Each structure stands twice: as C-alpha cells, then as structure tokens.
Amino acid sequence: MNPDPVAQIFAEEWPRLVAVLVRDLGDLALAEDAAQDAFVEAARRWGPGSTPDRPGAWLLTTARRKALDGLRRQRRFDERLPRLAAQLSPEPAVDHVDEADPRQLGDAQLALVFGCCHPSLAPDAQVALTLRHVCGLSTAQIARAFLVPEATMAKRLVRAKHKITAARVPFSVPEPEHRRDRLDAVLGVIYLVFTEGHTASDSARLIRGDLCDEARWLASLMTALLPTNPRSGSALLAFTDARRATRADDHGDLVLLEDQDRSRWDRAAIDLGHRQLERASIEQRTGPTNPGCDRRRSCLGPGLE
Amino acid sequence: MKYLILLYAAPDARPVPGTPESAAEHQAWMTYTMDMIQAGVHRGGDALHGIETATTIREVGGSLASTDGPFAETKETLGGYYLIDVPDLDTALEWAGRAPIVKYGAAEVRPLMVFDDIPSTAGA
C-alpha cells in the first residue's frame, strides 16, 4: 500500500492541472507555481483515507484560488485577474470544486503541447519542456533520460521558461493555416523522444522504454485531439515499439530482426498500428488534404476518437 | 506587449540604389510601414546610416573613449528597426517575417523589458 495518496495522485493529475492552468492564466510560470501551491496544500490536508472524491477538481479549484491570491498580492491587476476571478464561484463554498470538462481539457493539453514545441525555442528546450509540462516528468528524470547533469537540465528549462515569459510565447492551438508547420515541430519532438528511448545514447542500455512510452502517449494525444493528424506517424511508433521486448537479450545486447522471437512481439501495439494506418489511408482518400476539413471536425465522421 | 524588430543585412546585399530593384524595394518598405500603421501596431521605426558612420563609446580607465566604427564587426549589420505593440510573439514574428529584409538579410525580434520605476517613452 502506498502511504502517500498525494504522490500517487500527483503523477496522474499534474500534467492535466498545468494544462488547464496555463489556459486560465496564459502564463506557464504562474501556472506551475499555482499547481505546486495546490499540491503543497493537498499534502498538508490529505491523509490516508481523507482524499477528496475528485482530487483533480479539488486541486484545480485550490490552484485557481492560489493563483488569484498570488496575483492580488503582487498587485498584478492585469487582464488575467478578471478572467481568473470569473472562473471561481463568487461565494466559494468549502466543498465547491471546479470540474474541467474533457473537451476543454483536451484543448488545453493540445495548446500546452504547441506552446512547449514553439519554433522560437531551441529543439533541446522543446523536448525538455514537453517532457516536463505535458508528460509531467521531473527535471531529474529528464536529465537522466538525456544523460546530462540535473543542474544542466534545470538551467535549460529555466532559460526556456524565461524566454516564454519575457517574449510572451503563446500557448494556444495555432490557426489552421499555420498548423501544418507547427505540427511538424511537435512531431519532431515526439520523434526525438522516441528515438532517444528506442536506441538510447547511453551505451549501457539499448532501450529506454519509459521514453518510448512517453513518445507513444504524446502521439496518441495528438491523434486523439487533432481532427487531421499524422496517424501514420503514430502507427510507425506502434509497429517499432511492438518489438521492444525482443530487441535486446538478457545482457542488453542487440538482437537482430531475423533472430528476434516474434511470438513475444506486442500484438496489441501491432493491431493499433494497423488500425491507425487503415484510418490514415481512409482519411487521405476522403480529404484531410482539403484545408476546410481542419475546421470541420465532423468530416472524419463518428469514428474520430 | 512591445517588441523591437531589428533589421540586419550585409551592406552589399541590398539592391543598388538607382536600379529598378531598389525602387521596388523602397516601395515594399513603404507598404510594410503603412500596413503596420493601419493595423495599429506601429510604435516607431527608422532606418540607420551605414556602419561607416558609427562611433562607439565606452569608459576606459575612468574616462570616456570613443572609437570609429560599430560595436561589433560582423558581416550582417544593424540597418534599422521597428517598434511594434502586439499581443504575443506569434504576431510579432508574423510582422517580422513580412519585412522586405528577410529576403536578403534577417529580422531579429526582441521583447521590451518593462520596469515599474523607469519611465518608458517607447511608443507611449
């Protein structure tokens, strides 16, 4: 049994919380501070058996109040304050909690991905920001994954976040006419994360599965949220990753394709890849190349996940 | 949110004055500037004389010393700037990308710092 309910909930709720708060506040640094404050509050109040029914909603409400307090304290009476205040109930009841509706949550997550992968940021910063804020990995985990000292990774993140704040890098889903270019940057980040996991530059281990998992999760997020999207890329990740368990022997040495035990390939991943390829080819015929499709989600029909 | 668009190019990359290309370029800058004004984002902007007219000054050993020439000797030099006021970096980059200079030089976009205690005259 895990004695710390906050730690358990943290992993699941942190990325979603940050995504919604970035949308509320229009500021990554403020969003992160508010999310952190909410978890500190949770750590103080929650104990074994005293976790709220909907911890995500509780955290969101608490984080919004913390952000509002913070902005008031700093006398930052700018355009954010009324926007945020409007989202809180005027008479905050003790048990009142905000629920982020799934569609809004999806849009917020998508906006966060596009912001972290903004072309004005260096590619290594895009990767680090995405893993930190979209996937919720800690700075230490990202540093380990890319074999740099934690201080180096922390510095990279701080520098990138300073630019985001100072230059006001927007965290929004780009307009359809810019979406293709911007999507390329996002796919580049997913590809980098996957490649790093698939053939780890750490020579001691051939495969770093955790990074493959993050890349595939990101790809599935993009597939689920974007009306026209690169399913074929997502399929490629699934096919490649299906062989993960068989690509290295017990000593971590490479096993060539013809020598791999095919019965141990991940059947579910292969099936998923096939389904996505099929759908990609249908979409190609029915016209995701038609730019109007971007604005009409319905053009893909009810099969859209 | 204010941004400075700094315009850089190699001095010999610009169209030669007096040619039709030069006249067309001048027209392009006019249109660009007018578009900015009409969009309500223009807060200032000027072209600069060449680096051969620059003087750089700094304090050395307690007294001021001036030298002939620009601060940094680079192939591409600062030739002008625009000051714009737009909502975010994407909008600033869009304006910068429309500057005629990007065809033969580059435009650098820098956000302006805001201080509570230092008055700014930047497009106030």
# chains A, B, ... in the order shown; residues from 1 in each chain; ligands from 1
$ residues_around --residues "range 257-260 of chain A" --least-positions-apart "4" --cutoff "12 Å" --atoms "only C-alpha atoms" --output "list in words"
Thr240, Ala242, Arg243, Arg244, Ala245, Thr246, Arg247, Ala248, Asp249, Arg264 and Trp265 of chain A
$ select_by_dssp --residues "range 15-46 of chain B" --states "strand (DSSP E or B)" --output "VMD selection string"
chain B and resid 42 to 46
$ residues_around --residues "Arg43 in chain B" --least-positions-apart "3" --cutoff "12 Å" --atoms "only C-alpha atoms" --output "PyMOL selection string"
chain B and resi 1-5+33-34+36-40+46+81-86+121-124
$ write_last_selection --atoms "C-alpha atoms" --output "PDB file, in the first residue's frame"
ATOM      1  CA  MET B   1       3.377  43.821 -25.364  1.00  0.00           C
ATOM      2  CA  LYS B   2       6.127  45.687 -27.191  1.00  0.00           C
ATOM      3  CA  TYR B   3       8.741  44.136 -29.426  1.00  0.00           C
ATOM      4  CA  LEU B   4      11.694  45.611 -31.254  1.00  0.00           C
ATOM      5  CA  ILE B   5      12.291  44.228 -34.723  1.00  0.00           C
ATOM      6  CA  THR B  33       5.270  50.501 -42.793  1.00  0.00           C
ATOM      7  CA  MET B  34       1.834  51.684 -43.898  1.00  0.00           C
ATOM      8  CA  MET B  36       1.798  48.401 -39.651  1.00  0.00           C
ATOM      9  CA  ILE B  37       0.350  51.854 -39.084  1.00  0.00           C
ATOM     10  CA  GLN B  38      -3.041  50.825 -40.450  1.00  0.00           C
ATOM     11  CA  ALA B  39      -3.066  47.728 -38.242  1.00  0.00           C
ATOM     12  CA  GLY B  40      -2.426  49.984 -35.250  1.00  0.00           C
ATOM     13  CA  ASP B  46      13.787  54.187 -38.524  1.00  0.00           C
ATOM     14  CA  TYR B  81      14.399  48.852 -36.551  1.00  0.00           C
ATOM     15  CA  TYR B  82      10.675  48.870 -35.940  1.00  0.00           C
ATOM     16  CA  LEU B  83       8.964  49.113 -32.591  1.00  0.00           C
ATOM     17  CA  ILE B  84       5.611  47.343 -32.545  1.00  0.00           C
ATOM     18  CA  ASP B  85       2.906  46.672 -29.971  1.00  0.00           C
ATOM     19  CA  VAL B  86       1.151  43.320 -30.481  1.00  0.00           C
ATOM     20  CA  THR B 121       8.937  56.565 -23.911  1.00  0.00           C
ATOM     21  CA  ALA B 122       8.742  53.593 -26.238  1.00  0.00           C
ATOM     22  CA  GLY B 123       5.634  54.328 -28.221  1.00  0.00           C
ATOM     23  CA  ALA B 124       3.786  55.579 -25.152  1.00  0.00           C
TER      24      ALA B 124
END
$ closest_atom_pairs --of "chain A" --to "chain B" --cutoff "6 Å" --atoms "only C-alpha atoms" --output "tab-separated table"
residue	atom	partner	partner_atom	distance
A:Ala167	CA	B:Pro111	CA	5.1
A:Arg168	CA	B:Asp88	CA	5.4
A:Val169	CA	B:Leu89	CA	5.2
$ closest_residue --among "B:Leu6, B:Ala28, B:Ala13, B:Ala65" --to "Ala107 in chain B" --atoms "only C-alpha atoms"
B:Leu6
$ residues_around --residues "Asp181 in chain A" --least-positions-apart "4" --cutoff "12 Å" --atoms "only C-alpha atoms" --output "PyMOL selection string"
chain A and resi 114+117-119+174-177+185-188
$ residues_around --residues "Leu7 in chain B" --least-positions-apart "5" --cutoff "10 Å" --atoms "only C-alpha atoms" --output "PDB file with C-alpha atoms, in the first residue's frame"
ATOM      1  CA  ALA B  47      16.477  53.271 -40.974  1.00  0.00           C
ATOM      2  CA  LEU B  48      20.076  53.845 -39.917  1.00  0.00           C
ATOM      3  CA  GLU B  76      25.488  41.460 -41.310  1.00  0.00           C
ATOM      4  CA  THR B  77      24.974  44.807 -39.631  1.00  0.00           C
ATOM      5  CA  LEU B  78      22.075  46.579 -37.975  1.00  0.00           C
ATOM      6  CA  GLY B  79      20.378  48.722 -40.603  1.00  0.00           C
ATOM      7  CA  GLY B  80      17.164  49.783 -38.941  1.00  0.00           C
ATOM      8  CA  TYR B  81      14.399  48.852 -36.551  1.00  0.00           C
ATOM      9  CA  TYR B  82      10.675  48.870 -35.940  1.00  0.00           C
ATOM     10  CA  ALA B  96       8.907  40.474 -38.691  1.00  0.00           C
ATOM     11  CA  ALA B  99       9.839  42.766 -43.526  1.00  0.00           C
ATOM     12  CA  PRO B 100      11.388  43.004 -47.015  1.00  0.00           C
ATOM     13  CA  ILE B 101      14.826  42.451 -45.460  1.00  0.00           C
ATOM     14  CA  VAL B 102      14.219  38.753 -44.743  1.00  0.00           C
ATOM     15  CA  GLY B 105      19.134  39.586 -44.508  1.00  0.00           C
ATOM     16  CA  ALA B 106      17.340  38.796 -41.271  1.00  0.00           C
ATOM     17  CA  ALA B 107      14.976  40.292 -38.722  1.00  0.00           C
ATOM     18  CA  GLU B 108      15.584  39.725 -35.013  1.00  0.00           C
ATOM     19  CA  VAL B 109      12.631  40.050 -32.646  1.00  0.00           C
TER      20      VAL B 109
END
$ closest_residue --among "A:Phe39, A:Trp58, A:Phe146, A:Trp14" --to "Gln109 in chain A" --atoms "only C-alpha atoms"
A:Trp14
$ atom_distance --atom1 "CA of Ala19 in chain A" --atom2 "CA of His133 in chain A"
7.9 Å
